[in-house]
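Input: a single structure, listed below in structure tokens.
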Amino acid sequence: MIVAGRRGHLLMALAAVAIACLPLVASNYHLQLASTALVAAIFALSLQLLVGAGGMVSLGHAAFFGIGAYAVHLLPPGLSVLLTLPAAAGLAGAAALLVGAMALRTRGFFFLMTTLAFGQMLFFVFHDTPLGGGKDGVFVTRPALELLGFVIDVPRRDRPAMLLWLNLGLLVAVYALLAALMGTLFGHALRGIRANEDRMRALGYDTGRIKLVAFVLAGALAGIAGHAQAMADAFVNPEMLAWHHGAEALLMILLGGLGALHGPILGAFAFVGLGEASTLITERQRLVEGLVILAVVLALPRGLAGLGR
Amino acid sequence: MDFPGLAAQLLNGVQHGLLLFLISSGLTLIFGVMGVINLAHGSLFMLGAYLAFVVTGMGAPLWLALPAAMLGGALLGAVLERGLFRRFYTRDHLDQVLLTFALILLFEEARSLLLGNDFHSVPVPALLDFSIPVTEGFAYSAYRFAVLAVCILVAGLMFLGLERTRLGSAVRAAAEKPEMVQLLGLDARRIHLVVFALGTALAMLAGALAAPLLSVYPNMGDGFLIISFVVVVVGGVGSVAGAFWGALLIGLVDTLGKAYLPEVAGLSIYVLMAGVLLWRPAGLFARGA
């Protein structure tokens, strides 16, 4: 998996500035749409750490997204976002540690099946037990935007812009973190495992631990995306944990390009854009989604990031 | 815990397990021979159930739906293998996952377009709509007995076919070591076609058999897909015998759990899977584990 060079980062910084300026020109509806794409991008990016870097195709990743979102419901209302965000990441990371410790005992397709099964198990925890507030979901109080003791009170009509900036900031931070991580020994080792795990082990790397660390980190980052979603919607439901949601993130990764760290960001925007465009033609979102996936896997196996090559 | 209740739950568990075997044996064979995980396998089960709903809805008896599901399934499987899956055997896991995820969406949309999104019950065939007294004070549904019998018959035929025929031994060789097929000079394309068609036919048969027990509803294949994955993980890779014992175990645990520990029943099979992963990650019934 490649990380964009200086020119690529410059382009992405320009795009980020352009998105930050959106509130000057776009309607609140379109700001919310952009926010949705940003949250999806964080989620897909967290999964890219597993799939693109480590070669671990997980189908249970949405569970950690959902746990991050449900953290807002489980914590007492009115807390500062500076508390709830780390708590969401921590809870999701802890769940990922438990699931990863089991699932990583398997490889390849068995890893895929076990992550799917454990992901569904967590889905049922929030779907069936009183912990999650029922299968239809539950409204939550947005965490307070508090900085150094000052509570920033956002009027309702400015909220979409505020959330957009918040989500953009999170996406930039997550991307920067992962880009930096890819340059470390850990990042190289992870990519080495994707290429040939046995050889990495023979070289003396504790591949099990490296994969587990990646799994936990990816889970925690997915929890951040889930928290952002709960912040945006003030609502959480068990569907956030459903494996279909995780499969959509895989689609974003494939759509954007498996081979590049920035691929999932392109993919997320393309996915949300396509979904929005298709509402003009048909109500049947799943039909469109299914056909898009078929087209991509049949005709565009290297994703949008591979188009230029 | 009274005896008739327990006996009924045990029979239910075995019957649930045998249905799971019909689904997961196809899943494990397709995975073992071709190296493909078919996420749409649960949707094929759903298609079988809706086929039974349509057949009985037209006034035809349910038993007509069984050969229809087998033949339709074999045909559909052959078309899917030829048209789509064949190109994906050597592709990335991610591509295969997304291809089969797309198929789930398309099958569900097709179902929604043709038959709508309502729940429908499928009547138990009138001929079998009675209870057979097993002991004094305990009678068990004749239809469930019939399902047991059909599943055992199909499982028996499958084992015979795998053990005693040339094609069966080729399939076993392929499931154990896919490269064996090339080394032995067997026709890999034919084996792939047969395995895929057989797996699809079994999944649709299971759906048709289950329709009167479960009624039919959207996304009904999802739950069965995941529980079949649990069966395959517990049973071990590519082994039909592993799928058989795994399916019985999971069927019993799931059914008894739901009957006697309803609060945590949804979790029981996952706890079992976690235990198996910790204890014997290659599966309980895997050879050489």
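Please note that chains go A, B, ... in the order of the structure tokens, that every chain numbers its residues from 1, and that ligands are numbered from 1 in the order shown.
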Please build the interface table for chain A against chain B with a cut-off of 8 Å, listing for each qualifying residue the nearest atom pair and the distance in Å to one decimal; count only C-alpha atoms, order rows by chain and increasing number, and write it as a tab-separated table.
residue	atom	partner	partner_atom	distance
A:Val57	CA	B:Leu94	CA	6.6
A:Met102	CA	B:Leu277	CA	6.3
A:Ala103	CA	B:Leu277	CA	7.7
A:Arg105	CA	B:Pro281	CA	6.3
A:Thr106	CA	B:Pro281	CA	6.6
A:Gly108	CA	B:His93	CA	7.8
A:Phe109	CA	B:Ile37	CA	7.1
A:Phe110	CA	B:Val233	CA	6.8
A:Met113	CA	B:Phe229	CA	5.8
A:Thr114	CA	B:Val233	CA	7.3
A:Leu116	CA	B:Ile226	CA	7.3
A:Ala117	CA	B:Ile226	CA	6.0
A:Phe118	CA	B:Tyr270	CA	6.8
A:Gln120	CA	B:Ile226	CA	7.9
A:Met121	CA	B:Leu267	CA	6.3
A:Phe124	CA	B:Gly266	CA	6.9
A:Ala247	CA	B:Leu98	CA	7.3
A:Leu250	CA	B:Leu94	CA	7.4
A:Leu251	CA	B:Leu98	CA	6.7
A:Leu254	CA	B:Leu94	CA	7.7
A:Arg284	CA	B:Glu109	CA	7.8
A:Arg286	CA	B:Leu105	CA	5.8
A:Leu287	CA	B:Leu106	CA	5.9
A:Glu289	CA	B:Ala102	CA	7.4
A:Gly290	CA	B:Ala102	CA	4.3
A:Leu291	CA	B:Ala102	CA	7.0
A:Ile293	CA	B:Ala102	CA	5.9
A:Leu294	CA	B:Leu99	CA	6.1
A:Val297	CA	B:Asp95	CA	6.0
A:Pro301	CA	B:Asp95	CA	7.7
Open item on the list: I'd like the neighbourhood of segment 48-65 of chain B as a list in words, where a residue qualifies if any of its atoms comes within 8 Å (using only C-alpha atoms), though same-chain residues fewer than 2 positions away should be ignored.
Closed with: Leu44, Phe45, Met46, Pro67, Ala68, Ala69, Gly73, His120, Ser121, Val122, Pro123, Val124, Pro125, Ala203, Met204, Leu205, Ala206, Gly207, Ala208, Leu209, Ala210, Ala211 and Val216 of chain B
Generate a file of the selected residues that holds all heavy atoms, formatted as a short mmCIF file (atom, residue, chain, number, x, y, z; two decimals), in the first residue's frame.
data_model
loop_
_atom_site.label_atom_id
_atom_site.label_comp_id
_atom_site.auth_asym_id
_atom_site.auth_seq_id
_atom_site.Cartn_x
_atom_site.Cartn_y
_atom_site.Cartn_z
N LEU B 44 -29.33 -17.80 -1.20
CA LEU B 44 -29.83 -18.95 -1.95
C LEU B 44 -30.84 -19.72 -1.10
O LEU B 44 -31.86 -20.19 -1.60
CB LEU B 44 -28.66 -19.85 -2.35
CG LEU B 44 -27.61 -19.15 -3.21
CD1 LEU B 44 -26.39 -20.02 -3.37
CD2 LEU B 44 -28.19 -18.81 -4.57
N PHE B 45 -30.54 -19.81 0.19
CA PHE B 45 -31.48 -20.40 1.14
C PHE B 45 -32.80 -19.62 1.10
O PHE B 45 -33.89 -20.21 1.01
CB PHE B 45 -30.84 -20.36 2.53
CG PHE B 45 -31.75 -20.75 3.67
CD1 PHE B 45 -31.93 -22.09 3.99
CD2 PHE B 45 -32.41 -19.79 4.42
CE1 PHE B 45 -32.76 -22.45 5.04
CE2 PHE B 45 -33.23 -20.14 5.46
CZ PHE B 45 -33.41 -21.47 5.78
N MET B 46 -32.69 -18.30 1.13
CA MET B 46 -33.87 -17.43 1.06
C MET B 46 -34.65 -17.70 -0.23
O MET B 46 -35.88 -17.82 -0.22
CB MET B 46 -33.39 -15.98 1.14
CG MET B 46 -34.44 -14.90 1.12
SD MET B 46 -34.94 -14.34 -0.53
CE MET B 46 -33.45 -13.58 -1.18
N PRO B 67 -38.04 -30.93 -5.41
CA PRO B 67 -37.25 -31.12 -6.64
C PRO B 67 -37.08 -29.83 -7.42
O PRO B 67 -36.03 -29.60 -8.03
CB PRO B 67 -38.07 -32.14 -7.44
CG PRO B 67 -39.41 -32.18 -6.81
CD PRO B 67 -39.25 -31.77 -5.38
N ALA B 68 -38.10 -28.95 -7.35
CA ALA B 68 -37.96 -27.67 -8.05
C ALA B 68 -36.79 -26.88 -7.48
O ALA B 68 -36.00 -26.28 -8.22
CB ALA B 68 -39.26 -26.87 -7.94
N ALA B 69 -36.67 -26.90 -6.13
CA ALA B 69 -35.56 -26.17 -5.51
C ALA B 69 -34.22 -26.80 -5.88
O ALA B 69 -33.25 -26.09 -6.17
CB ALA B 69 -35.73 -26.16 -3.98
N GLY B 73 -31.94 -24.80 -8.18
CA GLY B 73 -30.69 -24.44 -7.52
C GLY B 73 -29.49 -24.88 -8.33
O GLY B 73 -28.53 -24.13 -8.52
N HIS B 120 -44.63 -13.93 5.01
CA HIS B 120 -45.66 -14.86 4.56
C HIS B 120 -45.44 -16.17 5.27
O HIS B 120 -44.31 -16.63 5.40
CB HIS B 120 -45.55 -15.10 3.05
CG HIS B 120 -45.81 -13.89 2.24
ND1 HIS B 120 -47.07 -13.37 2.06
CD2 HIS B 120 -44.97 -13.06 1.56
CE1 HIS B 120 -47.00 -12.30 1.29
NE2 HIS B 120 -45.73 -12.08 0.98
N SER B 121 -46.54 -16.79 5.70
CA SER B 121 -46.38 -18.14 6.23
C SER B 121 -46.62 -19.12 5.09
O SER B 121 -47.33 -18.82 4.13
CB SER B 121 -47.35 -18.39 7.38
OG SER B 121 -48.66 -18.24 6.90
N VAL B 122 -45.97 -20.26 5.18
CA VAL B 122 -46.13 -21.31 4.19
C VAL B 122 -46.79 -22.48 4.91
O VAL B 122 -46.28 -22.93 5.94
CB VAL B 122 -44.77 -21.72 3.60
CG1 VAL B 122 -44.92 -22.91 2.67
CG2 VAL B 122 -44.14 -20.55 2.88
N PRO B 123 -47.95 -22.96 4.42
CA PRO B 123 -48.66 -24.00 5.16
C PRO B 123 -47.89 -25.32 5.16
O PRO B 123 -47.22 -25.67 4.18
CB PRO B 123 -49.98 -24.14 4.41
CG PRO B 123 -49.69 -23.63 3.04
CD PRO B 123 -48.65 -22.57 3.19
N VAL B 124 -47.98 -26.02 6.27
CA VAL B 124 -47.44 -27.38 6.33
C VAL B 124 -48.33 -28.24 5.43
O VAL B 124 -49.55 -28.07 5.42
CB VAL B 124 -47.48 -27.89 7.79
CG1 VAL B 124 -47.15 -29.37 7.86
CG2 VAL B 124 -46.54 -27.08 8.65
N PRO B 125 -47.75 -29.14 4.63
CA PRO B 125 -48.57 -29.96 3.74
C PRO B 125 -49.65 -30.70 4.53
O PRO B 125 -49.38 -31.24 5.61
CB PRO B 125 -47.58 -30.95 3.14
CG PRO B 125 -46.23 -30.46 3.47
CD PRO B 125 -46.33 -29.40 4.48
N ALA B 203 -28.54 -25.59 -0.66
CA ALA B 203 -28.98 -24.41 0.08
C ALA B 203 -30.44 -24.11 -0.24
O ALA B 203 -31.24 -23.79 0.65
CB ALA B 203 -28.10 -23.21 -0.25
N MET B 204 -30.81 -24.23 -1.52
CA MET B 204 -32.20 -23.93 -1.88
C MET B 204 -33.13 -25.01 -1.35
O MET B 204 -34.26 -24.72 -0.94
CB MET B 204 -32.33 -23.76 -3.39
CG MET B 204 -31.80 -22.39 -3.82
SD MET B 204 -32.12 -21.97 -5.55
CE MET B 204 -33.89 -21.97 -5.64
N LEU B 205 -32.69 -26.25 -1.35
CA LEU B 205 -33.50 -27.32 -0.78
C LEU B 205 -33.75 -27.05 0.71
O LEU B 205 -34.88 -27.19 1.20
CB LEU B 205 -32.79 -28.67 -0.95
CG LEU B 205 -33.48 -29.86 -0.27
CD1 LEU B 205 -34.79 -30.16 -0.96
CD2 LEU B 205 -32.58 -31.09 -0.27
N ALA B 206 -32.71 -26.66 1.41
CA ALA B 206 -32.86 -26.35 2.84
C ALA B 206 -33.89 -25.25 3.02
O ALA B 206 -34.74 -25.31 3.92
CB ALA B 206 -31.52 -25.94 3.44
N GLY B 207 -33.84 -24.23 2.17
CA GLY B 207 -34.81 -23.14 2.26
C GLY B 207 -36.22 -23.63 2.06
O GLY B 207 -37.14 -23.28 2.81
N ALA B 208 -36.41 -24.47 1.04
CA ALA B 208 -37.75 -24.97 0.75
C ALA B 208 -38.27 -25.83 1.90
O ALA B 208 -39.44 -25.74 2.27
CB ALA B 208 -37.74 -25.78 -0.56
N LEU B 209 -37.39 -26.64 2.49
CA LEU B 209 -37.81 -27.47 3.62
C LEU B 209 -38.16 -26.62 4.84
O LEU B 209 -39.08 -26.93 5.59
CB LEU B 209 -36.68 -28.44 4.00
CG LEU B 209 -36.50 -29.68 3.16
CD1 LEU B 209 -35.21 -30.40 3.56
CD2 LEU B 209 -37.68 -30.62 3.32
N ALA B 210 -37.39 -25.54 5.03
CA ALA B 210 -37.56 -24.74 6.24
C ALA B 210 -38.75 -23.80 6.15
O ALA B 210 -39.24 -23.33 7.17
CB ALA B 210 -36.29 -23.94 6.51
N ALA B 211 -39.23 -23.53 4.92
CA ALA B 211 -40.26 -22.50 4.74
C ALA B 211 -41.48 -22.70 5.65
O ALA B 211 -41.90 -21.75 6.31
CB ALA B 211 -40.66 -22.42 3.27
N VAL B 216 -41.64 -17.15 5.55
CA VAL B 216 -40.61 -16.51 4.72
C VAL B 216 -40.66 -15.00 4.92
O VAL B 216 -41.73 -14.42 5.08
CB VAL B 216 -40.80 -16.87 3.22
CG1 VAL B 216 -40.66 -18.35 3.02
CG2 VAL B 216 -42.12 -16.37 2.68
#
TODO: May I ask which of the residues B:Val154, B:Leu71, B:Val195, B:Leu66 is the closest one to Met34 of chain B, counting only C-alpha atoms?
DONE: B:Val195
- [ ] Return as a ChimeraX atom specification the full set of residues in segment 10-225 of chain B whose backbone-based DSSP assignment is strand (DSSP E).
- [x] /B:131-135,138-141
TODO: Enumerate the residues of segment 17-244 of chain B with a DSSP assignment of alpha helix (DSSP H), computed from the backbone, and present them as a ChimeraX atom specification.
DONE: /B:17-34,41-57,62-83,93-115,142-164,166-176,178-183,188-214,220-235,240-244
Contact residues around Ala96 of chain A with only C-alpha atoms at 9 Å, ignoring same-chain residues under 3 positions, as a PDB file with N, CA and C atoms, in the first residue's frame:
ATOM      1  N   HIS A  61     -16.095  -5.092  11.085  1.00  0.00           N
ATOM      2  CA  HIS A  61     -15.550  -3.809  11.520  1.00  0.00           C
ATOM      3  C   HIS A  61     -16.637  -2.839  11.975  1.00  0.00           C
ATOM      4  N   ALA A  63     -18.987  -3.288  13.866  1.00  0.00           N
ATOM      5  CA  ALA A  63     -19.294  -3.440  15.295  1.00  0.00           C
ATOM      6  C   ALA A  63     -18.566  -2.369  16.103  1.00  0.00           C
ATOM      7  N   PHE A  64     -17.321  -2.068  15.721  1.00  0.00           N
ATOM      8  CA  PHE A  64     -16.543  -1.098  16.496  1.00  0.00           C
ATOM      9  C   PHE A  64     -17.034   0.323  16.227  1.00  0.00           C
ATOM     10  N   LEU A  91     -13.544   2.375  24.248  1.00  0.00           N
ATOM     11  CA  LEU A  91     -14.485   1.248  24.293  1.00  0.00           C
ATOM     12  C   LEU A  91     -14.377   0.397  23.031  1.00  0.00           C
ATOM     13  N   ALA A  92     -14.354   1.090  21.879  1.00  0.00           N
ATOM     14  CA  ALA A  92     -14.281   0.350  20.616  1.00  0.00           C
ATOM     15  C   ALA A  92     -12.965  -0.424  20.545  1.00  0.00           C
ATOM     16  N   GLY A  93     -11.879   0.213  21.015  1.00  0.00           N
ATOM     17  CA  GLY A  93     -10.587  -0.466  21.000  1.00  0.00           C
ATOM     18  C   GLY A  93     -10.572  -1.675  21.916  1.00  0.00           C
ATOM     19  N   VAL A  99     -12.196  -9.207  20.394  1.00  0.00           N
ATOM     20  CA  VAL A  99     -12.518  -9.902  19.142  1.00  0.00           C
ATOM     21  C   VAL A  99     -11.234 -10.296  18.419  1.00  0.00           C
ATOM     22  N   GLY A 100     -10.281  -9.354  18.375  1.00  0.00           N
ATOM     23  CA  GLY A 100      -9.043  -9.612  17.653  1.00  0.00           C
ATOM     24  C   GLY A 100      -8.263 -10.772  18.253  1.00  0.00           C
ATOM     25  N   ALA A 101      -8.262 -10.874  19.591  1.00  0.00           N
ATOM     26  CA  ALA A 101      -7.511 -11.947  20.239  1.00  0.00           C
ATOM     27  C   ALA A 101      -8.019 -13.314  19.789  1.00  0.00           C
ATOM     28  N   LEU A 212      -2.485  -7.745  16.011  1.00  0.00           N
ATOM     29  CA  LEU A 212      -3.445  -7.405  17.065  1.00  0.00           C
ATOM     30  C   LEU A 212      -3.423  -5.902  17.339  1.00  0.00           C
ATOM     31  N   PHE A 215      -5.281  -4.287  14.684  1.00  0.00           N
ATOM     32  CA  PHE A 215      -6.720  -4.551  14.803  1.00  0.00           C
ATOM     33  C   PHE A 215      -7.339  -3.638  15.861  1.00  0.00           C
ATOM     34  N   VAL A 216      -6.633  -3.477  16.991  1.00  0.00           N
ATOM     35  CA  VAL A 216      -7.158  -2.642  18.069  1.00  0.00           C
ATOM     36  C   VAL A 216      -7.181  -1.182  17.634  1.00  0.00           C
ATOM     37  N   LEU A 217      -6.098  -0.736  16.988  1.00  0.00           N
ATOM     38  CA  LEU A 217      -6.050   0.651  16.540  1.00  0.00           C
ATOM     39  C   LEU A 217      -7.154   0.926  15.519  1.00  0.00           C
ATOM     40  N   ALA A 218      -7.337  -0.006  14.581  1.00  0.00           N
ATOM     41  CA  ALA A 218      -8.386   0.164  13.584  1.00  0.00           C
ATOM     42  C   ALA A 218      -9.757   0.221  14.259  1.00  0.00           C
ATOM     43  N   GLY A 219      -9.950  -0.623  15.283  1.00  0.00           N
ATOM     44  CA  GLY A 219     -11.218  -0.607  16.004  1.00  0.00           C
ATOM     45  C   GLY A 219     -11.452   0.720  16.701  1.00  0.00           C
ATOM     46  N   ALA A 220     -10.394   1.241  17.342  1.00  0.00           N
ATOM     47  CA  ALA A 220     -10.528   2.515  18.050  1.00  0.00           C
ATOM     48  C   ALA A 220     -10.851   3.644  17.074  1.00  0.00           C
TER      49      ALA A 220
END
TODO: Tell me which of A:Ala161, A:Ala225, A:Leu166, A:Val81 sits closest to Leu31 of chain A, counting only C-alpha atoms.
DONE: A:Ala161
Task: Shell around Ile253 of chain A at 8 Å using only C-alpha atoms, local window under 6 positions removed, as a ChimeraX atom specification - done: /A:44-45,48,263-264,267-268
Task: Phe244 of chain B surroundings by only C-alpha atoms, 10 Å radius, close-in-sequence under 6 positions cut, as a count of residues only - done: 12
